[in-house]
Amino acid sequence: MASKSLKARQNSLVLDNKQLKILEGGVFENGELPYFKDKIAQIGQFPLRPKKLEILQINVGYMCNQVCEHCHVDAGPDRKEIMTRETMEQCLEVIRNTAAHTLDLTGGAPEMNPNFRWFVEEAAKAGVNDFIVRSNLTIIRANKKYYDLPEFFKKYNIHVISSMPHYTRGKTDKQRGEGVFDKSIKALRELNAVGYGMPDSPLRLDLVYNPSGAFLPGDQSALERDFKKALMEDFEIRFHNLFAITNLPIARFLDYLMASGNYEDYMYSLVEAYNPSAVENVMCTNTISVSWDGWLYDCDFNQMLGLKVASKIKHIKDYNEEMLTERNIIVSQHCYGCTAGAGSSCQGAVT
Amino acid sequence: MADSYYDPADLRKFGNITEWSEELGNKFFDYYGKVFEEGALSAREKSLIALAVAHVVKCPYCIDAYTKDGLQKGITKEEMMEAVHAGAAIESGATLVHGVQMMNKYNKLSM
């Protein structure tokens, strides 16, 4: 298990942004597999266009207490990219005026941003309908200063979405690091204890499942049933929904696919599982992603590939929702990850 | 033409069998797809049965396919290995139960 980010390891995949070259080349360049744009052109969806903005997703920094093997952000303790208070002020201005009904904070571990709590308090004042924080669970147990996070989340009616690769210790720790499973279970219990995830509770607690390897997620509802049964029987843990999210071939997951000799097979699996009806609702059509330094992207994945929005408006300080809606969404072969099977988004399946 | 049997890349081409016999190919894949849908048995249970049978019929393509399918369905490696043992037990049992025939014959021929 790696303990440093690819960036800290000076890995050329992320340093020189070789990722796009890989995604554009190989089996796609030689015609074995079709380019994503050609595939969606067959159903009249190219260029892919945004619909009404519903979700504003803000990445408040790449620092994280974990170094997960599949992380498309390449997050870790050594990442220093952290959103400043000044950029947060610019985001707040947008949050107060946006037509989006959902605010989605992600990272890294968003809680590690020194201004996280202030930002949540200010954003909550804007009256967001659904205020999501993507918490990795272990952060709650990482340090005393985070122990009260469940209470803090509750105070601001935060919708907590947490990663849980499997309901068994072995699979979870292999993907996320030694001890992650036990800490996650403890954190889930604490969230349950303050009312999160209980049936009929307005305090929403959803789990995210990522496959721990070079395979696609199975049926979301069947996985949810298995997770609920196992977590209840073994640990008396409750949660609301499970989101099955496909790993996209970006950063550490791409590095893993290449190093393990699984890249081509994985791309074949994604293309074979292409579902045209998932294209309609891919998340980039209703989401704007903001990076720690305020740049705007079609999604968190394009953010990690350095693909800023194809619009005159490229930064949160110049934000203009109407102009952004007129842009074309930038696609490449990683996009097959969001259209495979039942589709995949930060909110799980899309069909 | 590959110079050995069982090229893993051939599994991706399974669907091509339809090209030389469209009607039968389509009927087979329709049937195949239907078999593995959720029914009185869950898709998860059927995947484990398929994995066990894959070992018994010693089909490397099927072993690759149903190991991956099991991972996708969240099936653990312990469950997978138990399924393989269930298949192996039936297969060895099928051999051993013929021992009764051997015993019957032996007894019949012996004074």
# chains A, B, ... in the order shown; residues from 1 in each chain; ligands from 1

call {"tool": "interface_residues", "arguments": {"of": "chain A", "to": "chain B", "cutoff": "10 Å", "atoms": "only C-alpha atoms", "output": "CSV table (one decimal) with N, CA and C atoms, in the first residue's frame"}}
result
chain,number,residue,atom,x,y,z
A,165,PRO,N,-15.8,0.6,1.0
A,165,PRO,CA,-15.6,-0.3,-0.2
A,165,PRO,C,-16.2,-1.6,0.0
A,166,HIS,N,-16.3,-2.1,1.2
A,166,HIS,CA,-16.9,-3.4,1.4
A,166,HIS,C,-17.3,-3.6,2.9
A,167,TYR,N,-18.2,-4.5,3.1
A,167,TYR,CA,-18.6,-4.8,4.5
A,167,TYR,C,-17.8,-5.8,5.2
A,168,THR,N,-16.7,-6.2,4.6
A,168,THR,CA,-15.7,-7.0,5.2
A,168,THR,C,-14.4,-6.2,5.4
A,170,GLY,N,-11.2,-7.2,5.3
A,170,GLY,CA,-10.1,-7.5,4.4
A,170,GLY,C,-10.1,-6.6,3.2
A,171,LYS,N,-11.3,-6.5,2.5
A,171,LYS,CA,-11.4,-5.8,1.3
A,171,LYS,C,-11.3,-4.3,1.5
A,209,TYR,N,-20.0,2.9,-2.5
A,209,TYR,CA,-19.2,1.7,-2.8
A,209,TYR,C,-18.4,1.9,-4.1
A,211,PRO,N,-15.7,-0.4,-6.4
A,211,PRO,CA,-15.1,-1.7,-6.5
A,211,PRO,C,-13.6,-1.6,-6.1
A,212,SER,N,-13.1,-2.6,-5.4
A,212,SER,CA,-11.7,-2.6,-5.0
A,212,SER,C,-10.9,-3.5,-5.9
A,213,GLY,N,-10.8,-3.0,-7.2
A,213,GLY,CA,-10.0,-3.7,-8.2
A,213,GLY,C,-10.5,-3.3,-9.6
A,214,ALA,N,-10.0,-4.1,-10.6
A,214,ALA,CA,-10.3,-3.8,-12.0
A,214,ALA,C,-11.6,-4.4,-12.5
A,215,PHE,N,-12.7,-4.1,-11.8
A,215,PHE,CA,-14.0,-4.6,-12.2
A,215,PHE,C,-15.0,-3.6,-11.9
A,216,LEU,N,-16.2,-3.7,-12.6
A,216,LEU,CA,-17.2,-2.7,-12.4
A,216,LEU,C,-18.1,-3.0,-11.2
A,217,PRO,N,-18.9,-2.0,-10.7
A,217,PRO,CA,-19.8,-2.3,-9.6
A,217,PRO,C,-21.0,-3.1,-10.1
A,218,GLY,N,-21.5,-4.0,-9.3
A,218,GLY,CA,-22.7,-4.8,-9.7
A,218,GLY,C,-23.9,-3.9,-9.5
A,219,ASP,N,-25.1,-4.6,-9.5
A,219,ASP,CA,-26.3,-3.9,-9.3
A,219,ASP,C,-26.4,-3.2,-8.0
A,220,GLN,N,-26.7,-1.8,-8.1
A,220,GLN,CA,-26.7,-1.0,-6.9
A,220,GLN,C,-27.7,-1.5,-5.8
A,222,ALA,N,-28.9,-4.5,-5.3
A,222,ALA,CA,-28.5,-5.7,-4.7
A,222,ALA,C,-27.4,-5.5,-3.7
A,223,LEU,N,-26.4,-4.7,-4.1
A,223,LEU,CA,-25.3,-4.4,-3.2
A,223,LEU,C,-25.8,-3.7,-2.0
A,226,ASP,N,-27.2,-6.2,0.4
A,226,ASP,CA,-26.1,-7.0,1.0
A,226,ASP,C,-25.4,-6.2,2.1
A,227,PHE,N,-25.1,-4.9,1.8
A,227,PHE,CA,-24.4,-4.1,2.7
A,227,PHE,C,-25.3,-3.9,4.0
A,265,ASP,N,-8.2,-4.4,-20.6
A,265,ASP,CA,-9.3,-5.2,-20.3
A,265,ASP,C,-10.4,-4.3,-19.6
A,268,TYR,N,-12.1,-2.2,-22.1
A,268,TYR,CA,-13.0,-3.1,-22.9
A,268,TYR,C,-14.3,-3.2,-22.0
A,269,SER,N,-14.1,-3.5,-20.7
A,269,SER,CA,-15.3,-3.7,-19.9
A,269,SER,C,-16.2,-2.5,-19.9
A,272,GLU,N,-17.9,-2.1,-23.3
A,272,GLU,CA,-18.9,-3.2,-23.5
A,272,GLU,C,-20.2,-2.8,-22.7

call {"tool": "select_by_dssp", "arguments": {"residues": "stretch 231-324 of chain A", "states": "alpha helix (DSSP H)", "output": "MDAnalysis selection string"}}
result
chainID A and resid 231:235 251:259 263:272 276:279 300:304 321:324

call {"tool": "residues_around", "arguments": {"residues": "A:Phe131", "least_positions_apart": "6", "cutoff": "6 Å", "atoms": "only C-alpha atoms", "output": "PyMOL selection string"}}
result
chain A and resi 102-103+158-159

call {"tool": "atom_distance", "arguments": {"atom1": "atom CA of A:Gly337", "atom2": "atom CA of A:Tyr266"}}
result
9.9 Å

call {"tool": "residues_around", "arguments": {"residues": "A:Gln19", "least_positions_apart": "2", "cutoff": "10 Å", "atoms": "only C-alpha atoms", "output": "PyMOL selection string"}}
result
chain A and resi 12-17+21-25+249-251+254-255+304-305+334

call {"tool": "residues_around", "arguments": {"residues": "A:Gln66", "least_positions_apart": "5", "cutoff": "8 Å", "atoms": "only C-alpha atoms", "output": "JSON, numbers by chain"}}
result
{"A": [75, 76, 77, 176, 177]}

call {"tool": "atom_distance", "arguments": {"atom1": "atom CA of A:Ala2", "atom2": "atom CA of A:Val67"}}
result
6.9 Å

call {"tool": "closest_residue", "arguments": {"among": "A:Tyr147, A:Tyr196, A:Phe235, A:Phe181", "to": "A:Ile161", "atoms": "only C-alpha atoms"}}
result
A:Tyr196

call {"tool": "select_by_dssp", "arguments": {"residues": "stretch 71-146 of chain A", "states": "strand (DSSP E)", "output": "NGL selection string"}}
result
:A and (102-106 or 130-135)

call {"tool": "write_last_selection", "arguments": {"atoms": "N, CA and C atoms", "output": "compact mmCIF listing (two decimals), in the first residue's frame"}}
result
# COMPACT_ATOMS: atom_id res chain seq x y z
N THR A 102 -28.35 21.78 -4.73
CA THR A 102 -27.48 20.92 -3.94
C THR A 102 -26.06 21.49 -3.90
N LEU A 103 -25.51 21.52 -2.70
CA LEU A 103 -24.11 21.92 -2.52
C LEU A 103 -23.36 20.69 -2.03
N ASP A 104 -22.27 20.38 -2.69
CA ASP A 104 -21.58 19.11 -2.46
C ASP A 104 -20.11 19.40 -2.19
N LEU A 105 -19.69 19.24 -0.93
CA LEU A 105 -18.29 19.51 -0.59
C LEU A 105 -17.47 18.22 -0.61
N THR A 106 -16.36 18.29 -1.32
CA THR A 106 -15.54 17.11 -1.43
C THR A 106 -14.06 17.47 -1.29
N ASP A 130 -30.03 20.78 -0.17
CA ASP A 130 -29.34 19.53 0.17
C ASP A 130 -27.86 19.87 0.27
N PHE A 131 -27.33 19.81 1.48
CA PHE A 131 -25.93 20.22 1.73
C PHE A 131 -25.13 18.96 2.05
N ILE A 132 -24.34 18.54 1.08
CA ILE A 132 -23.59 17.29 1.21
C ILE A 132 -22.14 17.54 1.64
N VAL A 133 -21.65 16.72 2.56
CA VAL A 133 -20.21 16.67 2.81
C VAL A 133 -19.78 15.23 2.57
N ARG A 134 -18.79 15.05 1.70
CA ARG A 134 -18.25 13.71 1.43
C ARG A 134 -17.15 13.44 2.44
N SER A 135 -17.50 12.65 3.44
CA SER A 135 -16.59 12.37 4.54
C SER A 135 -16.07 10.95 4.42

call {"tool": "closest_residue", "arguments": {"among": "B:Asn104, B:Thr67, B:Thr95, B:Thr18", "to": "B:His55", "atoms": "only C-alpha atoms"}}
result
B:Thr67

call {"tool": "residues_around", "arguments": {"residues": "A:Thr87", "least_positions_apart": "4", "cutoff": "9 Å", "atoms": "only C-alpha atoms", "output": "PyMOL selection string"}}
result
chain A and resi 83+91-92+292-294+316-317

call {"tool": "closest_residue", "arguments": {"among": "B:Tyr66, B:Tyr61, B:Tyr31, B:Phe36", "to": "B:Phe14", "atoms": "only C-alpha atoms"}}
result
B:Tyr61
